[in-house]
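Asker: Take this structure, written in structure tokens, and hold onto it; I'll ask about it next.
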Amino acid sequence: MHKRRKTLALAAAATSAVLVASGCSGEGGDDSGPAEVTWVINSLPGAWQSISLAGGSVYNVQMLSGTIPFTGQWNPEGEYEFNMDVLAEEPELLNDDPDEGPFEWQFTFNEDAVWSDGTPMSGEDLRVTWMMAATPGEEHCNGCDSRGGMSEDKIEEIETDGQTATVRLKEGLADPEWESTFDAHSTSGGFLPAHLAEENGWDIDDPDELGEYYEWLHSTMPEWSGGPFQIVEGDLENEVIKEPNPEWWGDEPGLDRITMQFNDDEGTFYNAFVNGEIDGGSPADYNEDVFTQLEDVDNAVTDIGEGETWEHIDFNMGVEEFDDVELRRAIFTAIDRDDIANRNFGAGYPEYELKNNHMFASDNEYFVDHYEGETQGTGDIEEAQNILEEAGYELEGDQLTLDGEDIGPFRLRSTDTDVRNTSVQLIQNQLAEIGITANIEMTDDLGAMTSEADYDIIQYGWSGSPWFATNPEQYWHSGSGSNYGNYENEEVDELTEEVTNATDLDDAADLANQAMEVLVPDAYVMPIMAEPNYFFANDRLENVHDNLNSSYRATYNIGEWTLAGQ
Amino acid sequence: MLVYTVRRILGAIPVLVLASLLTFVMIDVSGDPLAELRMQTPAPTEEVIQQESERLYLDRSMPERYWLWITGVGGNGDIGLLQGEFGPSTQGQQYEIGPAIAERLWTTLRLVGIAMMLALGLAIIAGCVSAMRQYSKLDYTLTFIGFLCLAMPTFWLAGIVQASGVELNQLVGGQVFNTIGDGRYNAEGQPLWDQFANAFAHMALPTLVLMLTSFAQWSRYQRTSMLEVLNSDYVRLARAKGLRNKTVIRRHALRTALIPLTTVFALGVAGIIDGAILTETVFQWRGLGDFFITAVENNDSYALMGWLLLSGVLVILANLIADLLYGVLDPRIRYE
């Protein structure tokens, strides 16, 4: 008995010691110590820079937030702001008429703007970023695998003179979004240092050596910074730790240390938040269960709104039956967009809005409601039947026919996610009511399905940002590799080409809306709604809020984050 | 024994080659490694897609790629097992599969190794105690715990353990347990005790999950095996000869009763690696389980091949070790 008591006492003592010691090792908020915050990023960043195919993600730019300088960004209110910490003045458009000479504009850096090693920022930084972000065909860089390039490929040259850079486009080209070239939403998420290439012995004008610099940037943890913070420790699989950049010339950052933790299982967010292991996050994916759980936590500040990814339903124009626009219109009329949106997002985001413009959100200044008065997307079965009847279709029992021939069955395809599973089941039921059989086939391989047009009707998503000018041509131009359903309309082709090459944003938006005016009655693609994005943060944090207009999300103003009471 | 071991290792090579060929074909037909790339917004140009296709050797036929993956002959120096290269990854030009596997293996071994040792030790004790006190309250309790753990899917058990850790933290008003990550940077440069406490806080819950899942199965086997031995003639004879109970159990019964568990333990290595996939996901450990999930998500065929090859090697090694252990445990077995 005595021996057992002794053992128990020892076990109790050891447990207590571990409990006490471990209690001190916590990462949770202790306001009396250094101002530290742990922010969760809901996937791995892939690389140390965002230009490449591997690094091109919102997770990457969020990881780099506060370290990559940029020339401007969209704020949460949807207004564009130039970064006047970095720039001496707003960029100036030198020539906006491509008929009179190259379309060109100029950036001038703030004299105080320096990299974390004290080297002043210069026009060369923009030039090296452009050369690495252009596509391989431009032959600036051997081995670079830029994920973007559409804007960068338009550039003929960047002439630099100390702290100014003059950007010149190729002959005859214009860019309505010229201000965006090196902003937070660009391929590089900003711009990169040129002087580090020289320091490491690489000549940026030699494509092979620039390729080596590119690889170095993508594979080496950046200890350099051009923002309020710099990365001091970390890896690409667990977390990075940031501390204030001692050379930062702007307002002093409000935090001493930020840990950005990579966590791709959103199911763990609630426990980790309650446990004080994370202080917040702005995940790229919507998860109703996690969001509603977090909403109920006492010390959580939460927010939700329309994100950048929007769901839509498309036809494969290679299917013979879909040559008939009336059939396409009837099918879209039978589909109830509100039902789909409500079943998917109604519980967590009851304020959802249906997407009535393919390019612009309802609060955007360029928004035009292209579905006002339209029957498409209403789920009005009677109206759908009327359209079909007028077009000569007949309902024989449960089967729709034309001239005695059965219509369908059609392959209704999408990727295997909760949202899309719910959606295609609803669509299947709605189409059954007008005598059309839709056989659901889900896949995990969206890329193969779309690139081979291996579907009759499809639901998937596009991502956008307030910058839009390249999207219409990419989505709907008959020559675009991303026009998966092979939609062809000469008027749309012309309009979308003009959007890409417009000389200012107002013209581009007007042309994009004109293209949508043609597109909607043609019933090729029907938007449903933008997928909501949510945000959560511990209420001990101040100046932290979501920015749904930016890939940086809540980290867009990371230099301004503080703790309550500071 | 050395000859036997060498013969077994040589015999394993064709097994691995055949397994790798089958898995290579299955992975190849299961998805397009460029799918993610094609769906990026804005869409990459055809030129970029072509460049990526060539980098991943997708412009070559499947048999040619398999040959490349084995030998590296005709490749760009980044592929060929015989040259120590696992191949290019869809996760980026800079991502090297070999070093990634090595780093992840260490993370998983830390987690799985400790869990397995604890589970094995506890399973032997619990199994023996249950057998020796058959139908006692203790036996029923251990049996109940065993079946409970056996019945629970790993992801569910992990979720419950994670939530319980959080509850306990709230109860004691401190952060005894961490629920995500391995905390590798949290205690760097701190005193040794802080480093230990940090490691404990991050390892305790995932280790417990892996331990419980293995313990449940192994303790049941050990109980059955021990019961059989305790009821055997030679144990009765030992008792009849007047040997002390402790001596009978330790010297005669336990050693024999361990033989079946050795087999189960070796076969369980594969199961534990499977369990680690779920446990590492729930606790966000960047080990081999997470490596596998990430490779699947990215259609990263060469990374998947690397993972499967390593799993195959581990299972074969575990079986070999088990076979060799038979010789140690059972004097009747001799290797020639």
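How things are named: the first chain in the structure tokens is A, the next is B, and so on; residues count from 1 in each chain; ligands count from 1 in the order shown.
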Please find the residues of chain B near chain A - the criterion being any atom within 7 Å, counting only C-alpha atoms - and write them as a list in words.

Answerer: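 Those within range of chain A come out as Gly31, Asp32, Ala35, Glu36, Arg38, Met39, Thr41, Pro42, Ala43, Pro44, Val48, Gln91, Gly92, Gln94, Ala163, Val166, Gly174, Gln175, Val176, Thr179, Ile180, Asp194, Ala197, Asn198, Ala201, Thr281, Val282, Gln284 and Arg286 of chain B.
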
Asker: If we count only C-alpha atoms and set the cut-off at 10 Å, which residues sit around Leu310 of chain B, ignoring sequence neighbours fewer than 5 positions away in its own chain? Please answer as a list in words.

Answerer: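 Returned residues: Leu16, Ile101, Leu105, Leu288, Leu304, Met305, Val315 and Ile316 of chain B.
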
Asker: Measuring between only C-alpha atoms, which one of A:Val58, A:Met260, A:Ile528, A:Leu126 shows the shortest distance to Asp279 of chain A?

Answerer: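 Result for the nearest residue to Asp279 of chain A: A:Met260.
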
Asker: Tell me which protein, DNA and RNA residues are within 10 Å of Asn486 of chain A, counting only C-alpha atoms, leaving out same-chain ones fewer than 5 positions away, and put them as a list in words.

Answerer: Phe315, Asn316, Met317, Gly318, Ala453, Tyr475, Trp476, His477, Ser478, Gly479, Ser480, Gly481 and Tyr524 of chain A

Asker: Generate a file of the selected residues that holds N, CA and C atoms, formatted as a PDB file, in the first residue's frame.

Answerer:
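Final output, saved to again-v4.pdb:
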```
ATOM      1  N   PHE A 315     -22.684  25.974 -70.708  1.00  0.00           N
ATOM      2  CA  PHE A 315     -22.992  24.901 -71.659  1.00  0.00           C
ATOM      3  C   PHE A 315     -21.751  24.553 -72.458  1.00  0.00           C
ATOM      4  N   ASN A 316     -21.715  23.321 -72.934  1.00  0.00           N
ATOM      5  CA  ASN A 316     -20.711  22.939 -73.920  1.00  0.00           C
ATOM      6  C   ASN A 316     -21.347  23.151 -75.292  1.00  0.00           C
ATOM      7  N   MET A 317     -20.850  24.154 -76.016  1.00  0.00           N
ATOM      8  CA  MET A 317     -21.481  24.496 -77.286  1.00  0.00           C
ATOM      9  C   MET A 317     -21.204  23.459 -78.371  1.00  0.00           C
ATOM     10  N   GLY A 318     -20.375  22.504 -78.048  1.00  0.00           N
ATOM     11  CA  GLY A 318     -20.127  21.418 -79.003  1.00  0.00           C
ATOM     12  C   GLY A 318     -21.254  20.390 -79.013  1.00  0.00           C
ATOM     13  N   ALA A 453     -13.281  19.821 -72.575  1.00  0.00           N
ATOM     14  CA  ALA A 453     -14.726  20.071 -72.705  1.00  0.00           C
ATOM     15  C   ALA A 453     -15.509  18.772 -72.498  1.00  0.00           C
ATOM     16  N   TYR A 475     -12.375  34.656 -70.825  1.00  0.00           N
ATOM     17  CA  TYR A 475     -13.520  33.767 -70.593  1.00  0.00           C
ATOM     18  C   TYR A 475     -14.324  33.477 -71.870  1.00  0.00           C
ATOM     19  N   TRP A 476     -14.513  34.501 -72.709  1.00  0.00           N
ATOM     20  CA  TRP A 476     -15.532  34.358 -73.767  1.00  0.00           C
ATOM     21  C   TRP A 476     -15.029  34.528 -75.188  1.00  0.00           C
ATOM     22  N   HIS A 477     -13.789  34.904 -75.374  1.00  0.00           N
ATOM     23  CA  HIS A 477     -13.283  35.085 -76.735  1.00  0.00           C
ATOM     24  C   HIS A 477     -13.124  33.718 -77.399  1.00  0.00           C
ATOM     25  N   SER A 478     -13.527  33.640 -78.661  1.00  0.00           N
ATOM     26  CA  SER A 478     -13.501  32.322 -79.336  1.00  0.00           C
ATOM     27  C   SER A 478     -12.083  31.769 -79.456  1.00  0.00           C
ATOM     28  N   GLY A 479     -11.083  32.629 -79.390  1.00  0.00           N
ATOM     29  CA  GLY A 479      -9.709  32.156 -79.524  1.00  0.00           C
ATOM     30  C   GLY A 479      -9.026  31.871 -78.196  1.00  0.00           C
ATOM     31  N   SER A 480      -9.748  32.038 -77.102  1.00  0.00           N
ATOM     32  CA  SER A 480      -9.117  31.861 -75.793  1.00  0.00           C
ATOM     33  C   SER A 480      -9.077  30.392 -75.386  1.00  0.00           C
ATOM     34  N   GLY A 481      -7.947  29.971 -74.841  1.00  0.00           N
ATOM     35  CA  GLY A 481      -7.822  28.599 -74.346  1.00  0.00           C
ATOM     36  C   GLY A 481      -8.652  28.362 -73.103  1.00  0.00           C
ATOM     37  N   TYR A 524     -25.175  31.453 -72.651  1.00  0.00           N
ATOM     38  CA  TYR A 524     -24.063  30.487 -72.677  1.00  0.00           C
ATOM     39  C   TYR A 524     -23.554  30.229 -71.265  1.00  0.00           C
TER      40      TYR A 524
END
```

Asker: Tell me, which residues of segment 21-217 of chain A carry DSSP helix (DSSP H, G or I), written as a ChimeraX atom specification?

Answerer: /A:21-24,58-64,123-133,136-138,152-154,178-180,195-199,207-217

Asker: Would you kindly return, as an MDAnalysis selection string, each protein, DNA or RNA residue with an atom no farther than 7 Å from any atom of Arg168 of chain A, considering only C-alpha atoms and excluding same-chain residues fewer than 3 positions away?

Answerer: chainID A and resid 102:105 155:158

Asker: What does the structure give for the distance between atom CA of Phe367 of chain A and atom CA of Ala174 of chain A, in Å to one decimal?

Answerer: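 Rounded to one decimal, the two atoms are 23.2 Å apart.
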
Asker: Report, in Å to a single decimal, how far apart atom CA of Asn75 of chain A and atom CA of Asn549 of chain A are.

Answerer: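 Computing the Euclidean distance for atom CA of Asn549 of chain A and atom CA of Asn75 of chain A yields 6.6 Å.
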
Asker: At a cut-off of 10 Å, using only C-alpha atoms, what residues contact segment 347-350 of chain A? Leave out same-chain residues fewer than 4 positions from it and give the result as a PyMOL selection string.

Answerer: chain A and resi 286-292+295+303-306+341-343+531-534

Asker: Just the residues within 10 Å of Tyr460 of chain A, please, counting only C-alpha atoms, with nothing from its chain fewer than 5 positions along; format it as a PDB file with N, CA and C atoms, in the first residue's frame.

Answerer:
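File produced: result34.pdb:
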```pdb
ATOM      1  N   THR A 309     -14.224  34.524 -55.682  1.00  0.00           N
ATOM      2  CA  THR A 309     -14.554  33.382 -56.541  1.00  0.00           C
ATOM      3  C   THR A 309     -16.053  33.311 -56.747  1.00  0.00           C
ATOM      4  N   TRP A 310     -16.474  33.222 -57.980  1.00  0.00           N
ATOM      5  CA  TRP A 310     -17.910  33.150 -58.261  1.00  0.00           C
ATOM      6  C   TRP A 310     -18.240  31.910 -59.073  1.00  0.00           C
ATOM      7  N   GLU A 311     -19.354  31.316 -58.691  1.00  0.00           N
ATOM      8  CA  GLU A 311     -19.808  30.084 -59.326  1.00  0.00           C
ATOM      9  C   GLU A 311     -20.656  30.414 -60.550  1.00  0.00           C
ATOM     10  N   HIS A 312     -20.553  29.586 -61.562  1.00  0.00           N
ATOM     11  CA  HIS A 312     -21.380  29.793 -62.756  1.00  0.00           C
ATOM     12  C   HIS A 312     -21.676  28.459 -63.433  1.00  0.00           C
ATOM     13  N   ILE A 313     -22.719  28.499 -64.270  1.00  0.00           N
ATOM     14  CA  ILE A 313     -23.112  27.291 -65.009  1.00  0.00           C
ATOM     15  C   ILE A 313     -22.909  27.583 -66.497  1.00  0.00           C
ATOM     16  N   ASP A 314     -22.235  26.666 -67.187  1.00  0.00           N
ATOM     17  CA  ASP A 314     -21.930  26.863 -68.618  1.00  0.00           C
ATOM     18  C   ASP A 314     -22.439  25.691 -69.441  1.00  0.00           C
ATOM     19  N   ARG A 413     -21.852  18.102 -64.974  1.00  0.00           N
ATOM     20  CA  ARG A 413     -20.606  17.778 -64.272  1.00  0.00           C
ATOM     21  C   ARG A 413     -20.106  18.932 -63.407  1.00  0.00           C
ATOM     22  N   SER A 414     -19.348  18.566 -62.415  1.00  0.00           N
ATOM     23  CA  SER A 414     -18.703  19.563 -61.560  1.00  0.00           C
ATOM     24  C   SER A 414     -17.643  18.861 -60.722  1.00  0.00           C
ATOM     25  N   THR A 415     -16.971  19.622 -59.888  1.00  0.00           N
ATOM     26  CA  THR A 415     -15.995  18.995 -58.998  1.00  0.00           C
ATOM     27  C   THR A 415     -16.681  18.618 -57.693  1.00  0.00           C
ATOM     28  N   ARG A 420     -20.872  22.319 -54.634  1.00  0.00           N
ATOM     29  CA  ARG A 420     -21.223  21.919 -56.003  1.00  0.00           C
ATOM     30  C   ARG A 420     -22.071  20.652 -56.028  1.00  0.00           C
ATOM     31  N   LEU A 446     -10.821  18.947 -62.333  1.00  0.00           N
ATOM     32  CA  LEU A 446     -11.503  20.015 -63.059  1.00  0.00           C
ATOM     33  C   LEU A 446     -10.732  20.421 -64.303  1.00  0.00           C
ATOM     34  N   THR A 450     -12.408  20.476 -68.008  1.00  0.00           N
ATOM     35  CA  THR A 450     -12.663  21.711 -68.749  1.00  0.00           C
ATOM     36  C   THR A 450     -11.823  21.783 -70.018  1.00  0.00           C
ATOM     37  N   PRO A 527     -24.051  33.272 -64.216  1.00  0.00           N
ATOM     38  CA  PRO A 527     -23.437  33.355 -62.888  1.00  0.00           C
ATOM     39  C   PRO A 527     -24.457  33.035 -61.799  1.00  0.00           C
TER      40      PRO A 527
END
```

Asker: Quick one: of B:Ser30, B:Thr262, B:Thr108, B:Ser214, who's nearest to Asp330 of chain B, counting only C-alpha atoms?

Answerer: B:Thr262
